[in-house]
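What follows is the content of work.json, which has JSON, C-alpha atoms:
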[["chain", "number", "residue", "atom", "x", "y", "z"],
["A", 1, "MET", "CA", 15.66, 194.88, 88.52],
["A", 2, "LYS", "CA", 15.82, 192.52, 91.45],
["A", 3, "GLN", "CA", 13.06, 190.10, 92.32],
["A", 4, "LEU", "CA", 11.65, 189.71, 95.80],
["A", 5, "GLN", "CA", 9.47, 186.73, 96.59],
["A", 6, "PHE", "CA", 7.07, 186.92, 99.48],
["A", 7, "VAL", "CA", 4.17, 184.55, 100.24],
["A", 8, "ASN", "CA", 4.20, 183.17, 96.68],
["A", 9, "ARG", "CA", 3.69, 186.61, 95.16],
["A", 10, "GLN", "CA", 6.21, 188.39, 93.01],
["A", 11, "PHE", "CA", 7.17, 192.02, 93.76],
["A", 12, "THR", "CA", 9.62, 194.01, 91.73],
["A", 13, "TYR", "CA", 11.52, 196.94, 93.17],
["A", 14, "ASN", "CA", 14.26, 199.33, 92.27],
["A", 15, "ARG", "CA", 16.01, 202.15, 94.15],
["A", 16, "THR", "CA", 13.39, 204.72, 93.18],
["A", 17, "THR", "CA", 10.56, 202.55, 94.47],
["A", 18, "ILE", "CA", 12.38, 201.93, 97.75],
["A", 19, "ALA", "CA", 13.12, 205.64, 98.19],
["A", 20, "LEU", "CA", 9.46, 206.56, 97.57],
["A", 21, "TRP", "CA", 8.25, 203.98, 100.08],
["A", 22, "ALA", "CA", 10.76, 205.24, 102.64],
["A", 23, "ILE", "CA", 9.48, 208.82, 102.21],
["A", 24, "VAL", "CA", 5.87, 207.69, 102.57],
["A", 25, "VAL", "CA", 6.69, 205.78, 105.76],
["A", 26, "LEU", "CA", 8.59, 208.76, 107.19],
["A", 27, "PHE", "CA", 5.66, 211.13, 106.51],
["A", 28, "TYR", "CA", 3.27, 208.66, 108.06],
["A", 29, "LEU", "CA", 5.41, 208.21, 111.17],
["A", 30, "SER", "CA", 5.97, 211.94, 111.57],
["A", 31, "GLY", "CA", 2.20, 212.49, 111.54],
["A", 32, "CYS", "CA", 1.58, 209.94, 114.29],
["A", 33, "GLY", "CA", 1.44, 211.46, 117.75],
["A", 34, "SER", "CA", 1.35, 215.01, 116.41],
["A", 35, "GLU", "CA", -0.01, 216.21, 119.75],
["A", 36, "GLN", "CA", 3.49, 215.84, 121.18],
["A", 37, "LYS", "CA", 5.81, 218.77, 120.63],
["A", 38, "SER", "CA", 9.36, 217.98, 119.64],
["A", 39, "ALA", "CA", 11.91, 219.47, 122.01],
["A", 40, "ASP", "CA", 14.97, 221.02, 120.49],
["A", 41, "VAL", "CA", 18.13, 220.31, 122.47],
["A", 42, "SER", "CA", 20.26, 223.41, 122.88],
["A", 43, "PRO", "CA", 24.04, 223.22, 122.47],
["A", 44, "GLU", "CA", 24.39, 223.96, 126.20],
["A", 45, "GLU", "CA", 22.35, 220.85, 127.04],
["A", 46, "THR", "CA", 24.25, 218.45, 124.77],
["A", 47, "ASP", "CA", 27.19, 218.42, 127.17],
["A", 48, "SER", "CA", 24.99, 216.64, 129.71],
["A", 49, "LEU", "CA", 24.32, 213.72, 127.35],
["A", 50, "ALA", "CA", 26.62, 210.73, 127.15],
["A", 51, "PHE", "CA", 27.71, 210.05, 123.57],
["A", 52, "MET", "CA", 28.21, 206.39, 124.45],
["A", 53, "SER", "CA", 26.46, 204.19, 127.01],
["A", 54, "THR", "CA", 27.50, 200.59, 127.58],
["A", 55, "TYR", "CA", 25.97, 198.17, 130.07],
["A", 56, "GLY", "CA", 27.28, 194.89, 131.47],
["A", 57, "VAL", "CA", 30.91, 195.61, 130.60],
["A", 58, "ASN", "CA", 33.49, 192.82, 130.92],
["A", 59, "THR", "CA", 36.51, 193.63, 128.78],
["A", 60, "LEU", "CA", 40.23, 192.95, 128.51],
["A", 61, "ILE", "CA", 42.69, 195.76, 127.82],
["A", 62, "SER", "CA", 46.04, 195.08, 126.17],
["A", 63, "ASP", "CA", 49.22, 197.12, 126.20],
["A", 64, "SER", "CA", 51.80, 196.51, 123.46],
["A", 65, "GLY", "CA", 50.07, 193.29, 122.43],
["A", 66, "ARG", "CA", 49.82, 191.69, 125.87],
["A", 67, "ILE", "CA", 46.75, 191.57, 128.11],
["A", 68, "SER", "CA", 47.28, 193.94, 131.03],
["A", 69, "TYR", "CA", 43.86, 194.59, 132.58],
["A", 70, "ARG", "CA", 40.35, 193.23, 132.89],
["A", 71, "VAL", "CA", 37.54, 195.66, 133.64],
["A", 72, "GLU", "CA", 34.01, 194.87, 134.83],
["A", 73, "ALA", "CA", 31.32, 197.52, 135.22],
["A", 74, "GLU", "CA", 27.55, 197.54, 135.28],
["A", 75, "GLU", "CA", 27.45, 200.83, 133.36],
["A", 76, "TRP", "CA", 30.04, 202.82, 131.37],
["A", 77, "LEU", "CA", 29.14, 206.31, 130.13],
["A", 78, "MET", "CA", 31.39, 208.51, 127.97],
["A", 79, "TYR", "CA", 31.00, 212.30, 127.91],
["A", 80, "ASP", "CA", 33.00, 213.93, 125.14],
["A", 81, "LYS", "CA", 31.31, 217.37, 125.20],
["A", 82, "ARG", "CA", 31.97, 218.14, 128.87],
["A", 83, "ASN", "CA", 34.94, 220.17, 129.93],
["A", 84, "PRO", "CA", 36.95, 218.18, 130.81],
["A", 85, "SER", "CA", 35.72, 215.13, 128.91],
["A", 86, "TYR", "CA", 35.52, 211.92, 130.93],
["A", 87, "TRP", "CA", 34.25, 208.37, 131.28],
["A", 88, "ALA", "CA", 31.87, 207.58, 134.17],
["A", 89, "PHE", "CA", 31.46, 204.28, 136.01],
["A", 90, "GLU", "CA", 28.84, 205.50, 138.49],
["A", 91, "LYS", "CA", 27.50, 202.03, 139.36],
["A", 92, "GLY", "CA", 30.90, 200.70, 140.36],
["A", 93, "ILE", "CA", 33.98, 199.21, 138.76],
["A", 94, "TYR", "CA", 36.14, 196.13, 139.28],
["A", 95, "LEU", "CA", 39.64, 195.94, 137.80],
["A", 96, "GLU", "CA", 42.30, 193.23, 137.63],
["A", 97, "LYS", "CA", 45.89, 194.01, 136.64],
["A", 98, "TYR", "CA", 47.93, 191.12, 135.20],
["A", 99, "ASP", "CA", 51.66, 190.45, 135.17],
["A", 100, "ASP", "CA", 53.53, 189.13, 132.11],
["A", 101, "SER", "CA", 52.45, 185.54, 132.92],
["A", 102, "LEU", "CA", 48.76, 186.62, 133.12],
["A", 103, "ARG", "CA", 48.66, 186.12, 136.89],
["A", 104, "ILE", "CA", 46.56, 188.61, 138.82],
["A", 105, "GLU", "CA", 48.93, 191.19, 140.27],
["A", 106, "THR", "CA", 46.44, 193.70, 141.69],
["A", 107, "THR", "CA", 42.66, 193.87, 142.10],
["A", 108, "LEU", "CA", 40.65, 197.02, 142.68],
["A", 109, "ARG", "CA", 36.98, 197.55, 143.48],
["A", 110, "SER", "CA", 35.25, 200.93, 143.85],
["A", 111, "ASP", "CA", 31.65, 202.19, 144.15],
["A", 112, "THR", "CA", 32.26, 204.96, 141.60],
["A", 113, "ALA", "CA", 35.02, 205.80, 139.13],
["A", 114, "TYR", "CA", 35.76, 208.58, 136.64],
["A", 115, "TYR", "CA", 38.46, 208.57, 133.98],
["A", 116, "TYR", "CA", 39.54, 211.96, 132.62],
["A", 117, "ASP", "CA", 40.93, 210.98, 129.23],
["A", 118, "LYS", "CA", 42.83, 214.22, 128.42],
["A", 119, "GLN", "CA", 44.68, 214.12, 131.77],
["A", 120, "ALA", "CA", 45.00, 210.28, 131.84],
["A", 121, "LEU", "CA", 43.67, 210.47, 135.42],
["A", 122, "TRP", "CA", 41.41, 208.03, 137.27],
["A", 123, "LYS", "CA", 39.36, 209.28, 140.22],
["A", 124, "LEU", "CA", 37.93, 206.48, 142.39],
["A", 125, "LEU", "CA", 35.34, 207.19, 145.08],
["A", 126, "GLY", "CA", 33.56, 205.16, 147.76],
["A", 127, "ASN", "CA", 34.39, 201.84, 149.43],
["A", 128, "ILE", "CA", 37.63, 201.30, 147.55],
["A", 129, "GLN", "CA", 39.29, 197.93, 148.15],
["A", 130, "VAL", "CA", 42.67, 197.05, 146.67],
["A", 131, "SER", "CA", 44.65, 193.81, 147.01],
["A", 132, "ASN", "CA", 48.20, 193.50, 145.71],
["A", 133, "SER", "CA", 50.62, 190.66, 144.98],
["A", 134, "LYS", "CA", 52.19, 190.96, 148.47],
["A", 135, "GLY", "CA", 48.87, 190.03, 150.08],
["A", 136, "GLU", "CA", 48.26, 193.56, 151.37],
["A", 137, "LYS", "CA", 44.72, 194.90, 151.50],
["A", 138, "ILE", "CA", 44.08, 198.60, 151.14],
["A", 139, "PHE", "CA", 40.85, 200.38, 152.08],
["A", 140, "THR", "CA", 39.96, 204.03, 151.46],
["A", 141, "ASP", "CA", 37.15, 206.24, 150.11],
["A", 142, "LYS", "CA", 39.17, 208.23, 147.56],
["A", 143, "LEU", "CA", 42.08, 207.41, 145.24],
["A", 144, "LEU", "CA", 43.56, 209.23, 142.27],
["A", 145, "TRP", "CA", 45.64, 207.32, 139.72],
["A", 146, "SER", "CA", 47.71, 209.10, 137.10],
["A", 147, "SER", "CA", 48.40, 206.52, 134.41],
["A", 148, "ASP", "CA", 50.93, 208.89, 132.78],
["A", 149, "SER", "CA", 53.15, 209.13, 135.86],
["A", 150, "GLY", "CA", 52.26, 205.69, 137.22],
["A", 151, "ARG", "CA", 51.43, 207.15, 140.64],
["A", 152, "ILE", "CA", 48.43, 206.52, 142.90],
["A", 153, "TYR", "CA", 47.69, 209.04, 145.64],
["A", 154, "SER", "CA", 45.04, 210.31, 148.03],
["A", 155, "ASP", "CA", 44.49, 212.99, 150.65],
["A", 156, "SER", "CA", 41.86, 210.89, 152.47],
["A", 157, "TYR", "CA", 41.89, 208.34, 155.28],
["A", 158, "ILE", "CA", 43.48, 205.04, 154.29],
["A", 159, "ARG", "CA", 43.91, 201.66, 156.00],
["A", 160, "ILE", "CA", 46.47, 199.06, 154.89],
["A", 161, "GLU", "CA", 46.30, 195.54, 156.31],
["A", 162, "GLN", "CA", 49.42, 193.41, 156.09],
["A", 163, "SER", "CA", 49.99, 189.94, 157.52],
["A", 164, "ASP", "CA", 51.69, 191.30, 160.64],
["A", 165, "ARG", "CA", 50.39, 194.87, 160.99],
["A", 166, "ILE", "CA", 47.68, 197.40, 160.26],
["A", 167, "THR", "CA", 48.64, 200.92, 159.22],
["A", 168, "GLU", "CA", 46.25, 203.85, 159.03],
["A", 169, "GLY", "CA", 46.66, 207.48, 158.14],
["A", 170, "ILE", "CA", 45.58, 210.51, 156.18],
["A", 171, "GLY", "CA", 47.30, 210.96, 152.82],
["A", 172, "PHE", "CA", 48.83, 208.29, 150.63],
["A", 173, "SER", "CA", 51.23, 207.86, 147.71],
["A", 174, "SER", "CA", 52.21, 204.69, 145.84],
["A", 175, "ASN", "CA", 53.43, 203.17, 142.60],
["A", 176, "GLN", "CA", 50.63, 201.87, 140.36],
["A", 177, "ASP", "CA", 51.15, 198.26, 141.48],
["A", 178, "MET", "CA", 50.49, 199.36, 145.08],
["A", 179, "THR", "CA", 53.63, 197.51, 146.21],
["A", 180, "ASN", "CA", 55.78, 200.52, 147.22],
["A", 181, "TRP", "CA", 53.62, 202.91, 149.22],
["A", 182, "GLU", "CA", 53.92, 205.70, 151.79],
["A", 183, "ILE", "CA", 51.28, 206.95, 154.23],
["A", 184, "LEU", "CA", 51.39, 210.45, 155.65],
["A", 185, "ASN", "CA", 50.13, 211.21, 159.20],
["A", 186, "THR", "CA", 50.30, 207.53, 160.16],
["A", 187, "THR", "CA", 48.94, 205.61, 163.09],
["A", 188, "GLY", "CA", 48.92, 201.87, 163.42],
["A", 189, "ILE", "CA", 49.13, 198.64, 165.35],
["A", 190, "TYR", "CA", 52.55, 197.03, 165.12],
["A", 191, "PRO", "CA", 53.93, 193.92, 166.82],
["A", 192, "ILE", "CA", 56.94, 194.60, 169.02],
["A", 193, "GLU", "CA", 59.46, 191.92, 169.82],
["A", 194, "GLU", "CA", 60.74, 191.95, 173.39]]
Rewritten as structure tokens:
Amino acid sequence: MKQLQFVNRQFTYNRTTIALWAIVVLFYLSGCGSEQKSADVSPEETDSLAFMSTYGVNTLISDSGRISYRVEAEEWLMYDKRNPSYWAFEKGIYLEKYDDSLRIETTLRSDTAYYYDKQALWKLLGNIQVSNSKGEKIFTDKLLWSSDSGRIYSDSYIRIEQSDRITEGIGFSSNQDMTNWEILNTTGIYPIEE
């Protein structure tokens, strides 16, 4: 038997004693508040519950042993029972992508983001701002990023600000570094040399 000392009194306990006390405490706690009815959660309702909730996220993500991304989010919820399963960043997300020398290559900010893990697809919504290593700034309200194919695309309005021009349009496709992009249905303001 083990000895437990508490306020200069000796108590002895063993596993049986601990188990009995645990049962007594459970019965006591289950009797408290008996006016409340316990609600059973149906299997249909469990898909609406996040199986993981994390708050104040600031994490680094590595790929093949090197740091590739930093993610900040106020709230990160994971839903594994929904079809399709996904991660939700409904209070916004900020992401930095690093090059091999750990210099910031691309930054991204969005009001809302969803990551569909089975499809390896990010869906970003609302006030999206992207800056890349060329100094370009990209603004839109919807972006999709397939991490499997390495493509970023959208069917929404987009505005790209470069040092010498502003390009706007509906529809967009790019590599995941946002350095080689194409806008469909373009309009813009371009300097013309005489």
Exercise. At what distance in Å, to one decimal, does atom CA of A:Lys137 lie from atom CA of A:Trp181?
Worked result: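 Distance reported for this atom pair: 12.2 Å.
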Exercise. Which residues come within 10 Å of A:Ser149, counting only C-alpha atoms, excluding same-chain residues fewer than 5 positions away, as a ChimeraX atom specification?
Worked result: /A:120-121,175-176
Exercise. Can you list, as a list in words, every protein, DNA or RNA residue that comes within 6 Å of A:Val130 when you count all atoms listed in the file, leaving out same-chain residues fewer than 5 positions away?
Worked result: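 After dropping sequence-adjacent residues, the list is Thr107, Leu108, Lys137 and Ile138 of chain A.
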Problem set entry | Selection: 10 Å around A:Ile104, all atoms listed in the file, excl. self and same-chain fewer than 4 positions, as an NGL selection string | :A and (68-70 or 96-100 or 131-133)
Problem set entry | Separation of atom CA of A:Ser48 from atom CA of A:Asp148, in Å and rounded to one decimal | 27.2 Å
Problem set entry | Between atom CA of A:Ser85 and atom CA of A:Asp155, distance in Å (one decimal) |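 If I compute the distance from atom CA of A:Ser85 to atom CA of A:Asp155, I get 23.5 Å.
Distance cut-off 6 Å, centre (30.3, 208.4, 123.6), atoms counted all atoms listed in the file; the residues meeting this are Ala50, Phe51, Met52, Met78 and Tyr79 of chain A.
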